[in-house]
Every structure is written in C-alpha cells, then in structure tokens.
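Engineer: As input, take data19.csv (CSV, C-alpha atoms and all ligand atoms):
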chain,number,residue,atom,x,y,z
D,801,MET,CA,-36.0,1.2,-5.7
D,802,LEU,CA,-33.8,-0.4,-8.3
D,803,ASN,CA,-31.6,-3.2,-7.1
D,804,HIS,CA,-28.7,-3.8,-9.5
D,805,SER,CA,-27.1,-6.8,-7.8
D,806,PRO,CA,-23.6,-7.4,-8.9
D,807,GLN,CA,-23.8,-11.1,-8.1
D,808,PRO,CA,-24.4,-12.6,-11.5
D,809,LEU,CA,-21.3,-10.9,-12.8
D,810,ILE,CA,-19.2,-12.1,-9.9
D,811,ARG,CA,-20.4,-15.6,-10.5
D,812,PHE,CA,-19.6,-15.4,-14.2
D,813,ALA,CA,-16.1,-14.2,-13.4
D,814,LEU,CA,-15.5,-16.9,-10.8
D,815,GLY,CA,-16.7,-19.5,-13.3
D,816,ALA,CA,-14.4,-18.2,-16.0
D,817,CYS,CA,-11.4,-18.4,-13.6
D,818,LEU,CA,-12.2,-21.9,-12.5
D,819,CYS,CA,-12.6,-23.0,-16.1
D,820,ALA,CA,-9.3,-21.5,-17.1
D,821,SER,CA,-7.4,-23.1,-14.2
D,822,LEU,CA,-9.0,-26.5,-14.9
D,823,SER,CA,-8.0,-26.5,-18.5
D,824,ALA,CA,-4.5,-25.6,-17.5
D,825,CYS,CA,-4.4,-28.7,-15.3
D,826,ASN,CA,-5.7,-31.0,-18.1
D,827,ASN,CA,-2.7,-33.2,-19.0
D,828,ASP,CA,-4.4,-34.4,-22.3
D,829,ALA,CA,-4.6,-30.8,-23.6
D,830,PRO,CA,-3.0,-30.3,-27.0
D,831,ALA,CA,0.1,-28.2,-27.2
D,832,GLN,CA,-0.2,-24.4,-27.2
D,833,PRO,CA,1.5,-22.7,-30.3
D,834,THR,CA,5.0,-21.3,-29.9
D,835,LEU,CA,5.0,-17.9,-31.6
D,836,PRO,CA,7.0,-16.6,-33.4
D,837,LEU,CA,8.4,-19.9,-34.7
D,838,PRO,CA,12.1,-20.2,-34.5
D,839,PRO,CA,14.1,-21.6,-37.5
D,840,ALA,CA,13.2,-25.2,-38.1
D,841,PRO,CA,16.5,-26.8,-37.0
D,842,VAL,CA,16.3,-24.9,-33.7
D,843,PHE,CA,12.6,-25.7,-33.2
D,844,ILE,CA,13.3,-29.4,-33.9
D,845,ALA,CA,15.9,-29.4,-31.2
D,846,GLN,CA,13.6,-27.6,-28.8
D,847,LYS,CA,10.9,-30.1,-29.4
D,848,HIS,CA,13.2,-33.1,-28.5
D,849,CYS,CA,12.8,-34.7,-31.9
D,850,LEU,CA,16.6,-35.3,-31.9
D,851,ALA,CA,16.3,-37.7,-29.0
D,852,CYS,CA,15.4,-40.3,-31.7
D,853,HIS,CA,16.1,-38.6,-35.0
D,854,THR,CA,19.8,-38.0,-34.9
D,855,THR,CA,21.4,-36.3,-37.9
D,856,ASP,CA,24.3,-38.7,-38.5
D,857,ALA,CA,23.2,-42.3,-37.9
D,858,GLU,CA,19.9,-44.1,-38.1
D,859,VAL,CA,19.7,-45.4,-34.6
D,860,ARG,CA,16.1,-45.1,-33.3
D,861,ALA,CA,14.4,-43.2,-36.1
D,862,PRO,CA,14.8,-42.5,-39.8
D,863,LEU,CA,17.2,-39.7,-40.9
D,864,TRP,CA,15.5,-36.5,-42.2
D,865,PRO,CA,17.1,-36.9,-45.7
D,866,ASN,CA,15.8,-40.5,-45.9
D,867,ILE,CA,12.3,-39.3,-45.0
D,868,ALA,CA,12.6,-36.6,-47.7
D,869,ASP,CA,13.7,-39.2,-50.2
D,870,HIS,CA,10.9,-41.6,-49.3
D,871,TYR,CA,8.3,-39.0,-50.1
D,872,LYS,CA,9.9,-37.5,-53.2
D,873,GLY,CA,7.1,-36.4,-55.6
D,874,ASP,CA,4.3,-37.1,-53.2
D,875,LYS,CA,2.1,-34.1,-53.2
D,876,GLU,CA,0.4,-35.2,-50.0
D,877,ALA,CA,3.7,-35.6,-48.1
D,878,VAL,CA,3.3,-32.5,-45.9
D,879,ASN,CA,-0.1,-33.6,-44.7
D,880,LYS,CA,0.9,-37.2,-44.3
D,881,LEU,CA,4.0,-36.3,-42.3
D,882,SER,CA,2.3,-33.7,-40.1
D,883,GLU,CA,-0.4,-36.1,-39.3
D,884,LYS,CA,2.1,-38.8,-38.3
D,885,ILE,CA,4.0,-36.3,-36.2
D,886,ILE,CA,0.8,-35.4,-34.3
D,887,LYS,CA,-0.6,-38.9,-34.0
D,888,GLY,CA,2.5,-41.1,-34.0
D,889,GLY,CA,2.6,-44.5,-35.5
D,890,SER,CA,4.8,-47.0,-37.4
D,891,GLY,CA,5.0,-48.8,-40.7
D,892,SER,CA,6.7,-46.3,-43.0
D,893,PHE,CA,10.3,-47.2,-42.1
D,894,GLY,CA,9.8,-50.4,-40.1
D,895,SER,CA,8.0,-51.5,-37.0
D,896,THR,CA,9.5,-49.1,-34.5
D,897,LYS,CA,6.7,-46.8,-33.3
D,898,MET,CA,7.0,-43.0,-33.2
D,899,PRO,CA,5.2,-41.6,-30.1
D,900,ALA,CA,2.3,-39.1,-30.7
D,901,GLN,CA,3.6,-35.5,-30.4
D,902,TYR,CA,0.2,-33.7,-30.0
D,903,LYS,CA,1.1,-32.6,-26.4
D,904,ASN,CA,4.4,-31.3,-27.7
D,905,ILE,CA,3.5,-29.4,-30.9
D,906,THR,CA,0.5,-28.1,-32.7
D,907,THR,CA,-0.7,-29.2,-36.2
D,908,ASP,CA,0.6,-26.0,-37.8
D,909,GLU,CA,4.0,-26.5,-36.2
D,910,ALA,CA,4.1,-30.1,-37.3
D,911,LYS,CA,3.4,-28.9,-40.9
D,912,TYR,CA,6.1,-26.3,-40.6
D,913,LEU,CA,8.6,-29.1,-39.6
D,914,ALA,CA,7.3,-31.5,-42.2
D,915,GLU,CA,8.0,-28.9,-44.9
D,916,TRP,CA,11.5,-28.5,-43.7
D,917,ILE,CA,12.2,-32.2,-43.3
D,918,LEU,CA,11.0,-32.8,-46.9
D,919,LYS,CA,13.7,-30.4,-48.1
D,920,GLN,CA,16.6,-32.2,-46.4
D,921,LYS,CA,19.2,-33.9,-48.6
D,1001,LIG,C1,10.8,-41.7,-29.3
D,1001,LIG,C2,11.5,-41.5,-30.6
D,1001,LIG,C3,11.0,-40.4,-31.5
D,1001,LIG,C4,10.8,-39.1,-31.3
D,1001,LIG,C5,11.0,-38.3,-30.0
D,1001,LIG,C6,10.4,-38.5,-32.5
D,1001,LIG,N1,10.3,-39.4,-33.5
D,1001,LIG,FE1,9.8,-39.1,-35.4
D,1001,LIG,N2,9.9,-41.2,-35.8
D,1001,LIG,C7,10.3,-42.1,-34.9
D,1001,LIG,C8,10.3,-43.4,-35.5
D,1001,LIG,C9,10.6,-44.7,-34.8
D,1001,LIG,C10,9.8,-43.2,-36.8
D,1001,LIG,C11,9.5,-44.3,-37.9
D,1001,LIG,C12,8.1,-44.6,-37.9
D,1001,LIG,C13,7.6,-45.4,-39.1
D,1001,LIG,O1,8.4,-46.2,-39.6
D,1001,LIG,O2,6.5,-45.2,-39.6
D,1001,LIG,C14,9.6,-41.8,-37.0
D,1001,LIG,C15,9.2,-41.2,-38.1
D,1001,LIG,C16,9.1,-39.8,-38.3
D,1001,LIG,C17,8.7,-39.2,-39.6
D,1001,LIG,C18,8.3,-40.0,-40.9
D,1001,LIG,C19,6.9,-40.5,-40.7
D,1001,LIG,C20,6.4,-41.4,-41.9
D,1001,LIG,O3,5.4,-41.9,-41.8
D,1001,LIG,O4,7.1,-41.4,-42.9
D,1001,LIG,C21,8.7,-37.8,-39.4
D,1001,LIG,C22,8.3,-36.8,-40.4
D,1001,LIG,C23,9.1,-37.6,-38.0
D,1001,LIG,N3,9.3,-38.9,-37.4
D,1001,LIG,C24,9.2,-36.4,-37.4
D,1001,LIG,C25,9.4,-36.2,-36.0
D,1001,LIG,C26,9.4,-34.9,-35.4
D,1001,LIG,C27,9.1,-33.6,-36.1
D,1001,LIG,C28,9.6,-35.1,-34.1
D,1001,LIG,C29,9.7,-34.1,-32.9
D,1001,LIG,C30,8.5,-33.3,-32.8
D,1001,LIG,C31,9.8,-36.5,-33.9
D,1001,LIG,N4,9.7,-37.2,-35.1
D,1001,LIG,C32,10.1,-37.2,-32.7
D,1001,LIG,C33,10.7,-41.9,-33.6
D,1001,LIG,C34,10.7,-40.6,-32.9
Show the structure stored in the file as structure tokens.
Ligand code: HEC
Structural biologist:
Amino acid sequence: MLNHSPQPLIRFALGACLCASLSACNNDAPAQPTLPLPPAPVFIAQKHCLACHTTDAEVRAPLWPNIADHYKGDKEAVNKLSEKIIKGGSGSFGSTKMPAQYKNITTDEAKYLAEWILKQK
C-alpha cells in the first residue's frame, strides 16, 4: 500500500506563512517599492521630504535648486544623492543631519527623486 502523506506539504505551507508574517513585522525592513511611481513633485510630498525641504525658504534643509547647483557638472551626482537619501548624513550643506530614508523609499525611488532634484532651478 502506498502512503502519500500530505504532511510535508502542509509543514512547508505553514513555514512559508509564518515567514511571510514575520518579515511583515520586521521594523527594520527596507521600504517596498511604490508602483507605478507618481510624478516626482507628488511623490516627494507623499514621502514627507517637504517636512524639512520646503520650497521657499531654507529652514531645516537645503532647497532643491541649491542642491542642483551644488552638483552641477558632477556625473556621479545621481548616485551620491540617492545614497545620501537612503543612508542619511550631513556635511554637504552644513552640520544638520538628514535622517536615513531606507524605511521610507527604495534605492530606485531615491534615484528617481535625485534625478528630478538635480533638474530644479
Ligand atoms: C528631518 C529633515 C529631513 C527630511 C525629512 C528629508 N531631508 Fe533631505 N536633507 C536634510 C538635511 C538637514 C540635509 C543637508 C545634509 C547635508 O548637509 O549633508 C538634506 C540633504 C538632502 C539632499 C542633498 C544631499 C547631499 O549630500 O548633497 C538631498 C538630495 C535630499 N536631502 C533629499 C531628500 C529627500 C528625497 C527626502 C524625502 C525622501 C528628504 N531629503 C527628506 C533634511 C531632511
């Protein structure tokens, strides 16, 4: 008599569910991509960048056009800026630190925003 026990399959399914729910609870998990991406100005507002980067006065963070100006002609600017957006840091515009955004946006989304920021005048 053949005994095709369904047990291993059930165990596998349970394990997969547990794993998925655990990773959903992990607070350190990187951001999940938002697709399709909205236009950059809308996306920047959705990602709360404007809490510090206002568009009229430099209060807590540099203005987008000043950032664009600072990196004019720098071929590595998109990479540098997206890395800074993800990891946070200070030193480019003073000692105020920008908090890391990796829980908020993905690297590709940061690149998308960096490209837009670099075009602001
Ligand atoms: C809590 C305030 C805060 C928030 C929120 C914030 N930033 Fe910043 N950001 C800063 C500060 C302060 C600096 C200046 C850091 C420096 O001098 O290196 C900065 C610098 C930058 C720079 C220039 C980095 C460099 O090294 O030249 C970019 C690009 C940038 N932010 C993009 C963003 C984007 C995109 C978001 C939203 C996802 C965002 N920031 C959210 C405070 C903030």
Engineer: Report as number ranges by chain which protein, DNA and RNA residues come within 7 Å of ligand LIG 1001 (chain D), using only C-alpha atoms and all ligand atoms.
Structural biologist: D: 844, 847-853, 860-862, 867, 880-882, 884-885, 889-899, 901, 904-905, 910, 913-914, 917
Engineer: Which one of D:Leu918, D:Ala900, D:Ala857, D:Leu863 sits closest to D:Val878 if you count only C-alpha atoms?
Structural biologist: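 Result for the nearest residue to D:Val878: D:Leu918.
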Engineer: Using Å and a single decimal, report how far atom CA of D:Ala829 sits from atom CA of D:Tyr902.
Structural biologist: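 These two atoms are separated by 8.5 Å.
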Engineer: One number please: atom CA of D:Lys911 to atom CA of D:Asn827, in Å, one decimal.
Structural biologist: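 Calculated distance between atom CA of D:Lys911 and atom CA of D:Asn827 is 23.1 Å.
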Engineer: From the options D:Lys872, D:Pro841, D:Pro830, D:Trp916, which residue's atoms come nearest to D:Thr855, counting only C-alpha atoms?
Structural biologist: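 Under the stated criterion, the closest residue is D:Pro841.
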Engineer: To one decimal place, how far is atom CA of D:Phe843 from atom CA of D:Lys875 in Å?
Structural biologist: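 Taking atom CA of D:Phe843 and atom CA of D:Lys875, their separation equals 24.1 Å.
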